[in-house]
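**Student:** Structure supplied as query-v3.cif; contents: mmCIF, N, CA and C atoms.
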```cif
data_final
loop_
_atom_site.label_atom_id
_atom_site.label_comp_id
_atom_site.auth_asym_id
_atom_site.auth_seq_id
_atom_site.Cartn_x
_atom_site.Cartn_y
_atom_site.Cartn_z
N MET F 291 119.00 142.44 -69.27
CA MET F 291 119.14 141.72 -70.51
C MET F 291 118.99 140.24 -70.18
N THR F 292 118.13 139.55 -70.92
CA THR F 292 117.92 138.13 -70.69
C THR F 292 118.98 137.31 -71.41
N PHE F 293 118.99 136.02 -71.11
CA PHE F 293 119.96 135.13 -71.74
C PHE F 293 119.76 135.11 -73.26
N THR F 294 118.50 135.08 -73.71
CA THR F 294 118.21 135.06 -75.14
C THR F 294 118.70 136.33 -75.81
N GLU F 295 118.44 137.48 -75.20
CA GLU F 295 118.91 138.75 -75.75
C GLU F 295 120.43 138.79 -75.79
N ASN F 296 121.06 138.29 -74.71
CA ASN F 296 122.51 138.27 -74.64
C ASN F 296 123.09 137.36 -75.72
N SER F 297 122.47 136.21 -75.96
CA SER F 297 122.94 135.29 -77.00
C SER F 297 122.80 135.91 -78.38
N GLU F 298 121.67 136.59 -78.62
CA GLU F 298 121.46 137.25 -79.91
C GLU F 298 122.49 138.35 -80.12
N PHE F 299 122.79 139.10 -79.06
CA PHE F 299 123.79 140.16 -79.15
C PHE F 299 125.16 139.58 -79.49
N ALA F 300 125.52 138.47 -78.84
CA ALA F 300 126.81 137.83 -79.10
C ALA F 300 126.88 137.31 -80.53
N MET F 301 125.78 136.75 -81.03
CA MET F 301 125.76 136.24 -82.40
C MET F 301 125.88 137.39 -83.41
N GLN F 302 125.23 138.52 -83.13
CA GLN F 302 125.34 139.67 -84.02
C GLN F 302 126.76 140.20 -84.05
N ASN F 303 127.43 140.26 -82.90
CA ASN F 303 128.82 140.72 -82.84
C ASN F 303 129.73 139.77 -83.61
N GLU F 304 129.51 138.47 -83.48
CA GLU F 304 130.33 137.49 -84.19
C GLU F 304 130.13 137.61 -85.69
N LYS F 305 128.89 137.80 -86.11
CA LYS F 305 128.59 137.95 -87.54
C LYS F 305 129.22 139.22 -88.09
N ARG F 306 129.12 140.32 -87.34
CA ARG F 306 129.72 141.58 -87.76
C ARG F 306 131.24 141.45 -87.84
N ASN F 307 131.84 140.75 -86.88
CA ASN F 307 133.27 140.55 -86.86
C ASN F 307 133.72 139.74 -88.08
N THR F 308 132.96 138.70 -88.44
CA THR F 308 133.27 137.90 -89.63
C THR F 308 133.14 138.73 -90.89
N ASN F 309 132.09 139.53 -90.99
CA ASN F 309 131.92 140.41 -92.15
C ASN F 309 133.06 141.42 -92.24
N THR F 310 133.50 141.93 -91.11
CA THR F 310 134.62 142.88 -91.10
C THR F 310 135.88 142.20 -91.60
N GLY F 311 136.10 140.95 -91.22
CA GLY F 311 137.25 140.19 -91.69
C GLY F 311 137.21 140.01 -93.20
N ARG F 312 136.04 139.74 -93.74
CA ARG F 312 135.91 139.59 -95.20
C ARG F 312 136.14 140.93 -95.91
N MET F 313 135.59 142.00 -95.34
CA MET F 313 135.81 143.33 -95.93
C MET F 313 137.30 143.66 -95.91
N LEU F 314 137.97 143.37 -94.80
CA LEU F 314 139.39 143.65 -94.69
C LEU F 314 140.17 142.87 -95.75
N LYS F 315 139.83 141.63 -95.93
CA LYS F 315 140.50 140.81 -96.94
C LYS F 315 140.34 141.43 -98.33
N ASP F 316 139.12 141.83 -98.67
CA ASP F 316 138.85 142.46 -99.97
C ASP F 316 139.64 143.75 -100.13
N VAL F 317 139.64 144.56 -99.08
CA VAL F 317 140.36 145.85 -99.12
C VAL F 317 141.86 145.62 -99.29
N LEU F 318 142.42 144.65 -98.58
CA LEU F 318 143.85 144.39 -98.68
C LEU F 318 144.26 143.88 -100.06
N VAL F 319 143.45 143.01 -100.63
CA VAL F 319 143.76 142.49 -101.97
C VAL F 319 143.72 143.64 -102.98
N GLN F 320 142.70 144.47 -102.89
CA GLN F 320 142.56 145.62 -103.80
C GLN F 320 143.70 146.62 -103.59
N ALA F 321 144.02 146.91 -102.34
CA ALA F 321 145.08 147.89 -102.04
C ALA F 321 146.44 147.39 -102.54
N GLN F 322 146.70 146.10 -102.38
CA GLN F 322 147.97 145.57 -102.85
C GLN F 322 148.05 145.64 -104.38
N ALA F 323 146.94 145.33 -105.04
CA ALA F 323 146.91 145.40 -106.51
C ALA F 323 147.16 146.82 -107.01
N GLU F 324 146.73 147.81 -106.22
CA GLU F 324 146.89 149.21 -106.60
C GLU F 324 148.18 149.83 -106.05
N GLY F 325 148.97 149.05 -105.32
CA GLY F 325 150.23 149.56 -104.78
C GLY F 325 150.06 150.51 -103.62
N ARG F 326 149.02 150.31 -102.81
CA ARG F 326 148.74 151.21 -101.69
C ARG F 326 149.08 150.59 -100.35
N THR F 327 149.83 149.49 -100.34
CA THR F 327 150.17 148.82 -99.10
C THR F 327 151.67 148.89 -98.82
N THR F 328 152.00 148.91 -97.55
CA THR F 328 153.39 148.83 -97.10
C THR F 328 153.43 147.75 -96.03
N PHE F 329 154.42 146.85 -96.15
CA PHE F 329 154.51 145.68 -95.28
C PHE F 329 155.77 145.73 -94.43
N GLY F 330 155.67 145.27 -93.18
CA GLY F 330 156.82 145.15 -92.30
C GLY F 330 157.00 146.36 -91.41
N ILE F 331 157.44 146.12 -90.20
CA ILE F 331 157.61 147.18 -89.22
C ILE F 331 158.57 148.26 -89.71
N TYR F 332 159.72 147.87 -90.20
CA TYR F 332 160.73 148.84 -90.61
C TYR F 332 160.24 149.70 -91.78
N GLU F 333 159.67 149.05 -92.79
CA GLU F 333 159.17 149.79 -93.96
C GLU F 333 158.01 150.70 -93.58
N CYS F 334 157.14 150.24 -92.69
CA CYS F 334 156.02 151.06 -92.23
C CYS F 334 156.51 152.27 -91.46
N ALA F 335 157.51 152.06 -90.61
CA ALA F 335 158.08 153.19 -89.86
C ALA F 335 158.70 154.22 -90.79
N GLN F 336 159.36 153.75 -91.84
CA GLN F 336 159.93 154.68 -92.83
C GLN F 336 158.84 155.50 -93.50
N LEU F 337 157.75 154.84 -93.91
CA LEU F 337 156.65 155.55 -94.56
C LEU F 337 156.03 156.58 -93.61
N LEU F 338 155.82 156.19 -92.37
CA LEU F 338 155.24 157.12 -91.39
C LEU F 338 156.16 158.30 -91.12
N ASN F 339 157.45 158.08 -91.26
CA ASN F 339 158.41 159.16 -91.06
C ASN F 339 158.40 160.15 -92.24
N THR F 340 158.19 159.64 -93.44
CA THR F 340 158.27 160.49 -94.62
C THR F 340 156.92 161.03 -95.09
N ALA F 341 155.86 160.22 -94.98
CA ALA F 341 154.55 160.64 -95.51
C ALA F 341 153.41 160.13 -94.64
N PRO F 342 153.33 160.58 -93.39
CA PRO F 342 152.29 160.06 -92.50
C PRO F 342 150.87 160.44 -92.92
N ASP F 343 150.71 161.55 -93.62
CA ASP F 343 149.37 161.99 -94.03
C ASP F 343 148.77 161.10 -95.11
N ASP F 344 149.59 160.30 -95.79
CA ASP F 344 149.09 159.41 -96.83
C ASP F 344 148.46 158.15 -96.26
N VAL F 345 148.80 157.81 -95.03
CA VAL F 345 148.36 156.55 -94.43
C VAL F 345 147.02 156.74 -93.74
N THR F 346 146.08 155.81 -94.00
CA THR F 346 144.77 155.90 -93.37
C THR F 346 144.43 154.70 -92.49
N LEU F 347 145.17 153.60 -92.65
CA LEU F 347 144.84 152.39 -91.91
C LEU F 347 146.12 151.63 -91.56
N CYS F 348 146.19 151.17 -90.32
CA CYS F 348 147.30 150.35 -89.85
C CYS F 348 146.71 149.02 -89.36
N ILE F 349 147.29 147.92 -89.82
CA ILE F 349 146.80 146.59 -89.44
C ILE F 349 147.91 145.87 -88.70
N LEU F 350 147.57 145.40 -87.50
CA LEU F 350 148.53 144.67 -86.67
C LEU F 350 147.92 143.34 -86.23
N PRO F 351 148.66 142.25 -86.40
CA PRO F 351 148.16 140.97 -85.87
C PRO F 351 148.41 140.89 -84.37
N VAL F 352 147.50 140.26 -83.66
CA VAL F 352 147.69 140.06 -82.22
C VAL F 352 148.15 138.63 -81.99
N GLY F 353 148.62 138.38 -80.83
CA GLY F 353 149.07 137.03 -80.49
C GLY F 353 150.36 137.12 -79.72
N ASP F 354 150.51 136.21 -78.83
CA ASP F 354 151.71 136.21 -77.99
C ASP F 354 152.71 135.25 -78.59
N ASN F 355 153.64 135.80 -79.37
CA ASN F 355 154.68 134.94 -79.92
C ASN F 355 155.90 134.92 -79.01
N GLY F 356 155.84 135.62 -77.90
CA GLY F 356 156.92 135.61 -76.94
C GLY F 356 158.08 136.52 -77.26
N ASP F 357 158.00 137.25 -78.37
CA ASP F 357 159.09 138.13 -78.77
C ASP F 357 158.83 139.53 -78.24
N VAL F 358 159.66 139.95 -77.30
CA VAL F 358 159.51 141.26 -76.67
C VAL F 358 159.70 142.38 -77.69
N THR F 359 160.60 142.19 -78.62
CA THR F 359 160.87 143.22 -79.63
C THR F 359 159.62 143.50 -80.47
N VAL F 360 158.94 142.44 -80.89
CA VAL F 360 157.71 142.61 -81.69
C VAL F 360 156.66 143.33 -80.86
N HIS F 361 156.55 142.97 -79.60
CA HIS F 361 155.58 143.63 -78.71
C HIS F 361 155.87 145.13 -78.60
N ILE F 362 157.13 145.47 -78.43
CA ILE F 362 157.51 146.89 -78.33
C ILE F 362 157.23 147.62 -79.64
N HIS F 363 157.57 147.00 -80.77
CA HIS F 363 157.28 147.61 -82.07
C HIS F 363 155.79 147.87 -82.24
N HIS F 364 154.97 146.87 -81.91
CA HIS F 364 153.52 147.03 -82.05
C HIS F 364 152.98 148.12 -81.13
N THR F 365 153.50 148.17 -79.91
CA THR F 365 153.05 149.20 -78.97
C THR F 365 153.39 150.59 -79.48
N LEU F 366 154.59 150.76 -80.00
CA LEU F 366 154.99 152.06 -80.56
C LEU F 366 154.17 152.42 -81.80
N MET F 367 153.92 151.43 -82.65
CA MET F 367 153.12 151.67 -83.85
C MET F 367 151.69 152.07 -83.47
N GLU F 368 151.12 151.37 -82.50
CA GLU F 368 149.77 151.72 -82.01
C GLU F 368 149.73 153.15 -81.51
N ALA F 369 150.69 153.51 -80.69
CA ALA F 369 150.72 154.86 -80.11
C ALA F 369 150.83 155.92 -81.21
N TYR F 370 151.70 155.68 -82.17
CA TYR F 370 151.88 156.64 -83.26
C TYR F 370 150.59 156.80 -84.05
N CYS F 371 149.96 155.68 -84.37
CA CYS F 371 148.72 155.73 -85.16
C CYS F 371 147.61 156.44 -84.40
N LEU F 372 147.47 156.14 -83.13
CA LEU F 372 146.42 156.79 -82.35
C LEU F 372 146.66 158.29 -82.24
N GLU F 373 147.90 158.69 -82.08
CA GLU F 373 148.23 160.10 -81.95
C GLU F 373 148.06 160.86 -83.27
N ASN F 374 148.18 160.17 -84.39
CA ASN F 374 148.12 160.82 -85.69
C ASN F 374 146.84 160.51 -86.46
N ASP F 375 145.80 160.07 -85.75
CA ASP F 375 144.49 159.80 -86.34
C ASP F 375 144.53 158.82 -87.51
N ILE F 376 145.37 157.81 -87.37
CA ILE F 376 145.41 156.72 -88.35
C ILE F 376 144.60 155.58 -87.74
N LYS F 377 143.61 155.10 -88.48
CA LYS F 377 142.76 154.02 -87.98
C LYS F 377 143.61 152.79 -87.72
N LEU F 378 143.32 152.11 -86.63
CA LEU F 378 144.08 150.93 -86.22
C LEU F 378 143.15 149.73 -86.19
N LEU F 379 143.60 148.66 -86.80
CA LEU F 379 142.81 147.43 -86.84
C LEU F 379 143.69 146.27 -86.42
N LYS F 380 143.24 145.54 -85.42
CA LYS F 380 143.98 144.36 -84.97
C LYS F 380 143.26 143.12 -85.49
N VAL F 381 144.05 142.18 -86.00
CA VAL F 381 143.48 140.94 -86.51
C VAL F 381 143.92 139.77 -85.64
N ASP F 382 143.15 138.69 -85.68
CA ASP F 382 143.34 137.58 -84.76
C ASP F 382 144.53 136.69 -85.06
N SER F 383 145.05 136.71 -86.29
CA SER F 383 146.07 135.73 -86.62
C SER F 383 147.02 136.23 -87.69
N LEU F 384 148.30 136.16 -87.42
CA LEU F 384 149.32 136.51 -88.41
C LEU F 384 149.26 135.53 -89.58
N GLU F 385 149.04 134.26 -89.30
CA GLU F 385 149.00 133.25 -90.36
C GLU F 385 147.85 133.50 -91.33
N LYS F 386 146.67 133.81 -90.81
CA LYS F 386 145.53 134.10 -91.68
C LYS F 386 145.78 135.36 -92.50
N LEU F 387 146.39 136.35 -91.89
CA LEU F 387 146.70 137.60 -92.58
C LEU F 387 147.70 137.34 -93.70
N GLU F 388 148.70 136.53 -93.43
CA GLU F 388 149.69 136.19 -94.47
C GLU F 388 149.04 135.43 -95.61
N GLY F 389 148.02 134.63 -95.31
CA GLY F 389 147.33 133.84 -96.33
C GLY F 389 146.56 134.67 -97.33
N VAL F 390 146.32 135.93 -97.04
CA VAL F 390 145.59 136.82 -97.96
C VAL F 390 146.43 137.16 -99.18
N PHE F 391 147.75 137.14 -99.03
CA PHE F 391 148.62 137.64 -100.08
C PHE F 391 149.30 136.52 -100.85
N PRO F 392 149.27 136.61 -102.18
CA PRO F 392 149.95 135.61 -102.99
C PRO F 392 151.45 135.65 -102.69
N GLY F 393 152.08 134.50 -102.75
CA GLY F 393 153.50 134.44 -102.47
C GLY F 393 153.78 133.94 -101.07
N ASN F 394 152.77 133.98 -100.21
CA ASN F 394 152.98 133.49 -98.84
C ASN F 394 152.64 132.00 -98.72
N GLU F 395 152.05 131.41 -99.76
CA GLU F 395 151.67 130.01 -99.69
C GLU F 395 152.87 129.09 -99.85
N ASN F 396 153.79 129.46 -100.76
CA ASN F 396 154.97 128.61 -100.92
C ASN F 396 156.22 129.45 -100.77
N SER F 397 157.30 128.80 -100.46
CA SER F 397 158.53 129.53 -100.15
C SER F 397 159.35 129.88 -101.39
N ASN F 398 158.89 129.51 -102.58
CA ASN F 398 159.65 129.79 -103.79
C ASN F 398 159.53 131.23 -104.25
N THR F 399 158.52 131.93 -103.79
CA THR F 399 158.33 133.33 -104.18
C THR F 399 158.53 134.24 -102.98
N ASP F 400 158.65 135.51 -103.25
CA ASP F 400 158.86 136.48 -102.18
C ASP F 400 157.60 136.61 -101.33
N ALA F 401 157.71 136.33 -100.06
CA ALA F 401 156.60 136.48 -99.13
C ALA F 401 156.63 137.89 -98.56
N VAL F 402 155.46 138.39 -98.19
CA VAL F 402 155.39 139.71 -97.59
C VAL F 402 155.38 139.56 -96.07
N ASP F 403 155.94 140.55 -95.39
CA ASP F 403 156.00 140.58 -93.94
C ASP F 403 154.73 141.23 -93.42
N CYS F 404 153.87 140.45 -92.82
CA CYS F 404 152.57 140.95 -92.36
C CYS F 404 152.57 141.32 -90.88
N SER F 405 153.76 141.53 -90.29
CA SER F 405 153.82 141.92 -88.88
C SER F 405 153.23 143.31 -88.67
N CYS F 406 153.18 144.11 -89.72
CA CYS F 406 152.54 145.42 -89.70
C CYS F 406 152.22 145.77 -91.15
N ILE F 407 151.01 146.25 -91.38
CA ILE F 407 150.61 146.65 -92.73
C ILE F 407 150.00 148.04 -92.66
N LEU F 408 150.47 148.93 -93.52
CA LEU F 408 149.87 150.26 -93.66
C LEU F 408 149.17 150.32 -95.00
N VAL F 409 148.01 150.97 -95.02
CA VAL F 409 147.23 151.11 -96.24
C VAL F 409 146.96 152.59 -96.49
N LYS F 410 147.21 153.00 -97.72
CA LYS F 410 146.90 154.38 -98.13
C LYS F 410 145.47 154.40 -98.66
N ALA F 411 144.84 155.56 -98.63
CA ALA F 411 143.47 155.71 -99.11
C ALA F 411 143.41 155.51 -100.62
N PRO F 412 142.30 154.95 -101.11
CA PRO F 412 142.16 154.80 -102.56
C PRO F 412 141.92 156.15 -103.23
N GLU F 413 142.35 156.27 -104.48
CA GLU F 413 142.14 157.52 -105.21
C GLU F 413 140.68 157.69 -105.59
N LYS F 414 140.03 156.60 -105.98
CA LYS F 414 138.61 156.63 -106.32
C LYS F 414 137.79 156.17 -105.12
N THR F 415 136.54 156.55 -105.09
CA THR F 415 135.66 156.13 -104.01
C THR F 415 135.51 154.62 -104.03
N ASP F 416 135.74 154.01 -102.90
CA ASP F 416 135.65 152.56 -102.74
C ASP F 416 134.70 152.30 -101.58
N HIS F 417 133.52 151.77 -101.88
CA HIS F 417 132.50 151.59 -100.85
C HIS F 417 132.91 150.57 -99.80
N VAL F 418 133.58 149.50 -100.20
CA VAL F 418 134.01 148.50 -99.23
C VAL F 418 135.05 149.11 -98.29
N TYR F 419 135.97 149.89 -98.83
CA TYR F 419 136.98 150.57 -98.01
C TYR F 419 136.30 151.52 -97.03
N ASN F 420 135.34 152.30 -97.51
CA ASN F 420 134.63 153.25 -96.64
C ASN F 420 133.86 152.52 -95.55
N ASP F 421 133.22 151.40 -95.90
CA ASP F 421 132.49 150.62 -94.89
C ASP F 421 133.44 150.07 -93.84
N LEU F 422 134.61 149.59 -94.29
CA LEU F 422 135.60 149.08 -93.35
C LEU F 422 136.07 150.18 -92.42
N MET F 423 136.32 151.35 -92.95
CA MET F 423 136.80 152.46 -92.12
C MET F 423 135.77 152.88 -91.06
N ASP F 424 134.50 152.63 -91.33
CA ASP F 424 133.45 152.95 -90.37
C ASP F 424 133.43 152.01 -89.17
N VAL F 425 133.92 150.78 -89.35
CA VAL F 425 133.85 149.80 -88.27
C VAL F 425 135.21 149.43 -87.69
N VAL F 426 136.25 150.15 -88.07
CA VAL F 426 137.61 149.78 -87.71
C VAL F 426 137.87 149.79 -86.21
N ASP F 427 137.47 150.79 -85.50
CA ASP F 427 137.86 150.93 -84.09
C ASP F 427 137.03 150.04 -83.17
N GLY F 428 137.13 148.74 -83.39
CA GLY F 428 136.39 147.80 -82.59
C GLY F 428 137.29 146.74 -82.01
N PRO F 429 136.71 145.58 -81.70
CA PRO F 429 137.52 144.49 -81.13
C PRO F 429 138.44 143.89 -82.21
N VAL F 430 139.18 142.89 -81.79
CA VAL F 430 140.06 142.18 -82.72
C VAL F 430 139.22 141.52 -83.79
N VAL F 431 139.62 141.70 -85.04
CA VAL F 431 138.87 141.18 -86.18
C VAL F 431 139.31 139.76 -86.48
N GLU F 432 138.34 138.89 -86.70
CA GLU F 432 138.64 137.53 -87.06
C GLU F 432 138.76 137.43 -88.58
N MET F 433 139.94 137.08 -89.05
CA MET F 433 140.17 136.94 -90.49
C MET F 433 139.56 135.63 -90.98
N PRO F 434 138.98 135.65 -92.19
CA PRO F 434 138.50 134.38 -92.74
C PRO F 434 139.67 133.46 -93.06
N ALA F 435 139.43 132.18 -92.96
CA ALA F 435 140.50 131.19 -93.22
C ALA F 435 140.83 131.10 -94.69
#
```
Show this structure as structure tokens.
**Tutor:**
Amino acid sequence: MTFTENSEFAMQNEKRNTNTGRMLKDVLVQAQAEGRTTFGIYECAQLLNTAPDDVTLCILPVGDNGDVTVHIHHTLMEAYCLENDIKLLKVDSLEKLEGVFPGNENSNTDAVDCSCILVKAPEKTDHVYNDLMDVVDGPVVEMPA
């Protein structure tokens, strides 16, 4: 592979990663509007304990915040999802992920905990959701700002 081919390959991966981030944002906004999202490690664990077959996607932010507890929670969540055929998607930034949801911009309203997000499948066919599910098992997704 030449340098030019390698550069083109890297640019295609970056473009695909950006498109995946936009698709994820659209899917999350739609899923929250339809009540198909669960936020926070504890709430997600409860849902997986009671209705794991309803969950189709798990979203975890990456980053070293230095908290061992969060790392252990994420590792356990990853293992559970992989063992139960739940698609896993890692995003580049907790802050960008929090910015997708209304209420996280100012402290006067209830903010959602984006340390872990579970998404249930839509009842109707959703092409953006289906496209996202096709590309989920890849590298860390860069969320749009």
**Student:** Taking 5 positions as the minimum chain separation for residues in the same chain, which residues sit within 5 Å of Cys406 of chain F when counting all atoms listed in the file? Answer as a PyMOL selection string.
**Tutor:** chain F and resi 329-331+349
**Student:** Grab the atom C of Val352 of chain F to atom CA of Thr340 of chain F distance for me, in Å with one decimal place.
**Tutor:**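 Separating atom C of Val352 of chain F from atom CA of Thr340 of chain F is a distance of 27.2 Å.
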**Student:** When the PyMOL selection byres ((chain F and resi 426-435) around 8) is applied to the file above, which residues end up in the set, as a VMD selection string?
**Tutor:** chain F and resid 306 to 315 352 377 to 383 385 to 387 389 to 390 421 to 425
**Student:** What does the file look like for those residues with N, CA and C atoms, as a short mmCIF file (atom, residue, chain, number, x, y, z; two decimals), keeping the file's coordinate frame?
**Tutor:**
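See selection.cif below for the written result:
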```
data_model
loop_
_atom_site.label_atom_id
_atom_site.label_comp_id
_atom_site.auth_asym_id
_atom_site.auth_seq_id
_atom_site.Cartn_x
_atom_site.Cartn_y
_atom_site.Cartn_z
N ARG F 306 129.12 140.32 -87.34
CA ARG F 306 129.72 141.58 -87.76
C ARG F 306 131.24 141.45 -87.84
N ASN F 307 131.84 140.75 -86.88
CA ASN F 307 133.27 140.55 -86.86
C ASN F 307 133.72 139.74 -88.08
N THR F 308 132.96 138.70 -88.44
CA THR F 308 133.27 137.90 -89.63
C THR F 308 133.14 138.73 -90.89
N ASN F 309 132.09 139.53 -90.99
CA ASN F 309 131.92 140.41 -92.15
C ASN F 309 133.06 141.42 -92.24
N THR F 310 133.50 141.93 -91.11
CA THR F 310 134.62 142.88 -91.10
C THR F 310 135.88 142.20 -91.60
N GLY F 311 136.10 140.95 -91.22
CA GLY F 311 137.25 140.19 -91.69
C GLY F 311 137.21 140.01 -93.20
N ARG F 312 136.04 139.74 -93.74
CA ARG F 312 135.91 139.59 -95.20
C ARG F 312 136.14 140.93 -95.91
N MET F 313 135.59 142.00 -95.34
CA MET F 313 135.81 143.33 -95.93
C MET F 313 137.30 143.66 -95.91
N LEU F 314 137.97 143.37 -94.80
CA LEU F 314 139.39 143.65 -94.69
C LEU F 314 140.17 142.87 -95.75
N LYS F 315 139.83 141.63 -95.93
CA LYS F 315 140.50 140.81 -96.94
C LYS F 315 140.34 141.43 -98.33
N VAL F 352 147.50 140.26 -83.66
CA VAL F 352 147.69 140.06 -82.22
C VAL F 352 148.15 138.63 -81.99
N LYS F 377 143.61 155.10 -88.48
CA LYS F 377 142.76 154.02 -87.98
C LYS F 377 143.61 152.79 -87.72
N LEU F 378 143.32 152.11 -86.63
CA LEU F 378 144.08 150.93 -86.22
C LEU F 378 143.15 149.73 -86.19
N LEU F 379 143.60 148.66 -86.80
CA LEU F 379 142.81 147.43 -86.84
C LEU F 379 143.69 146.27 -86.42
N LYS F 380 143.24 145.54 -85.42
CA LYS F 380 143.98 144.36 -84.97
C LYS F 380 143.26 143.12 -85.49
N VAL F 381 144.05 142.18 -86.00
CA VAL F 381 143.48 140.94 -86.51
C VAL F 381 143.92 139.77 -85.64
N ASP F 382 143.15 138.69 -85.68
CA ASP F 382 143.34 137.58 -84.76
C ASP F 382 144.53 136.69 -85.06
N SER F 383 145.05 136.71 -86.29
CA SER F 383 146.07 135.73 -86.62
C SER F 383 147.02 136.23 -87.69
N GLU F 385 149.04 134.26 -89.30
CA GLU F 385 149.00 133.25 -90.36
C GLU F 385 147.85 133.50 -91.33
N LYS F 386 146.67 133.81 -90.81
CA LYS F 386 145.53 134.10 -91.68
C LYS F 386 145.78 135.36 -92.50
N LEU F 387 146.39 136.35 -91.89
CA LEU F 387 146.70 137.60 -92.58
C LEU F 387 147.70 137.34 -93.70
N GLY F 389 148.02 134.63 -95.31
CA GLY F 389 147.33 133.84 -96.33
C GLY F 389 146.56 134.67 -97.33
N VAL F 390 146.32 135.93 -97.04
CA VAL F 390 145.59 136.82 -97.96
C VAL F 390 146.43 137.16 -99.18
N ASP F 421 133.22 151.40 -95.90
CA ASP F 421 132.49 150.62 -94.89
C ASP F 421 133.44 150.07 -93.84
N LEU F 422 134.61 149.59 -94.29
CA LEU F 422 135.60 149.08 -93.35
C LEU F 422 136.07 150.18 -92.42
N MET F 423 136.32 151.35 -92.95
CA MET F 423 136.80 152.46 -92.12
C MET F 423 135.77 152.88 -91.06
N ASP F 424 134.50 152.63 -91.33
CA ASP F 424 133.45 152.95 -90.37
C ASP F 424 133.43 152.01 -89.17
N VAL F 425 133.92 150.78 -89.35
CA VAL F 425 133.85 149.80 -88.27
C VAL F 425 135.21 149.43 -87.69
#
```
**Student:** Can you work out the spacing between atom N of Pro392 of chain F and atom N of Arg326 of chain F in Å, to one decimal?
**Tutor:** 13.7 Å
**Student:** Neighbours of Ala321 of chain F within 8 Å (only N, CA and C atoms; same-chain residues fewer than 6 positions away dropped), as a ChimeraX atom specification?
**Tutor:** /F:315,327-328,409-412
**Student:** If you run DSSP on the backbone, which residues of chain F are strand (DSSP E), as a list of chain:residue names?
**Tutor:**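 Listing strand (DSSP E) positions across chain F yields F:Thr327, F:Thr328, F:Phe329, F:Val345, F:Thr346, F:Leu347, F:Cys348, F:Ile349, F:Leu350, F:Pro351, F:Lys377, F:Leu378, F:Leu379, F:Lys380, F:Val381, F:Ile407, F:Leu408, F:Val409, F:Lys410.
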**Student:** Would you write out those residues with N, CA and C atoms, as an mmCIF file, in the frame of the given file?
**Tutor:**
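Final output, out-v5.cif:
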```
data_model
loop_
_atom_site.group_PDB
_atom_site.id
_atom_site.type_symbol
_atom_site.label_atom_id
_atom_site.label_comp_id
_atom_site.auth_asym_id
_atom_site.auth_seq_id
_atom_site.Cartn_x
_atom_site.Cartn_y
_atom_site.Cartn_z
ATOM 1 N N THR F 327 149.830 149.490 -100.340
ATOM 2 C CA THR F 327 150.170 148.820 -99.100
ATOM 3 C C THR F 327 151.670 148.890 -98.820
ATOM 4 N N THR F 328 152.000 148.910 -97.550
ATOM 5 C CA THR F 328 153.390 148.830 -97.100
ATOM 6 C C THR F 328 153.430 147.750 -96.030
ATOM 7 N N PHE F 329 154.420 146.850 -96.150
ATOM 8 C CA PHE F 329 154.510 145.680 -95.280
ATOM 9 C C PHE F 329 155.770 145.730 -94.430
ATOM 10 N N VAL F 345 148.800 157.810 -95.030
ATOM 11 C CA VAL F 345 148.360 156.550 -94.430
ATOM 12 C C VAL F 345 147.020 156.740 -93.740
ATOM 13 N N THR F 346 146.080 155.810 -94.000
ATOM 14 C CA THR F 346 144.770 155.900 -93.370
ATOM 15 C C THR F 346 144.430 154.700 -92.490
ATOM 16 N N LEU F 347 145.170 153.600 -92.650
ATOM 17 C CA LEU F 347 144.840 152.390 -91.910
ATOM 18 C C LEU F 347 146.120 151.630 -91.560
ATOM 19 N N CYS F 348 146.190 151.170 -90.320
ATOM 20 C CA CYS F 348 147.300 150.350 -89.850
ATOM 21 C C CYS F 348 146.710 149.020 -89.360
ATOM 22 N N ILE F 349 147.290 147.920 -89.820
ATOM 23 C CA ILE F 349 146.800 146.590 -89.440
ATOM 24 C C ILE F 349 147.910 145.870 -88.700
ATOM 25 N N LEU F 350 147.570 145.400 -87.500
ATOM 26 C CA LEU F 350 148.530 144.670 -86.670
ATOM 27 C C LEU F 350 147.920 143.340 -86.230
ATOM 28 N N PRO F 351 148.660 142.250 -86.400
ATOM 29 C CA PRO F 351 148.160 140.970 -85.870
ATOM 30 C C PRO F 351 148.410 140.890 -84.370
ATOM 31 N N LYS F 377 143.610 155.100 -88.480
ATOM 32 C CA LYS F 377 142.760 154.020 -87.980
ATOM 33 C C LYS F 377 143.610 152.790 -87.720
ATOM 34 N N LEU F 378 143.320 152.110 -86.630
ATOM 35 C CA LEU F 378 144.080 150.930 -86.220
ATOM 36 C C LEU F 378 143.150 149.730 -86.190
ATOM 37 N N LEU F 379 143.600 148.660 -86.800
ATOM 38 C CA LEU F 379 142.810 147.430 -86.840
ATOM 39 C C LEU F 379 143.690 146.270 -86.420
ATOM 40 N N LYS F 380 143.240 145.540 -85.420
ATOM 41 C CA LYS F 380 143.980 144.360 -84.970
ATOM 42 C C LYS F 380 143.260 143.120 -85.490
ATOM 43 N N VAL F 381 144.050 142.180 -86.000
ATOM 44 C CA VAL F 381 143.480 140.940 -86.510
ATOM 45 C C VAL F 381 143.920 139.770 -85.640
ATOM 46 N N ILE F 407 151.010 146.250 -91.380
ATOM 47 C CA ILE F 407 150.610 146.650 -92.730
ATOM 48 C C ILE F 407 150.000 148.040 -92.660
ATOM 49 N N LEU F 408 150.470 148.930 -93.520
ATOM 50 C CA LEU F 408 149.870 150.260 -93.660
ATOM 51 C C LEU F 408 149.170 150.320 -95.000
ATOM 52 N N VAL F 409 148.010 150.970 -95.020
ATOM 53 C CA VAL F 409 147.230 151.110 -96.240
ATOM 54 C C VAL F 409 146.960 152.590 -96.490
ATOM 55 N N LYS F 410 147.210 153.000 -97.720
ATOM 56 C CA LYS F 410 146.900 154.380 -98.130
ATOM 57 C C LYS F 410 145.470 154.400 -98.660
#
```
**Student:** Let me make sure I understand: among F:Pro351, F:Val402, F:His363, F:Asp357, which one has the smallest atom-to-atom distance to Leu384 of chain F if we use only N, CA and C atoms?
**Tutor:** F:Pro351
**Student:** So how far away is atom CA of Gln322 of chain F from atom CA of Asp403 of chain F, in Å?
**Tutor:**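 Going from atom CA of Asp403 of chain F over to atom CA of Gln322 of chain F covers 13.0 Å.
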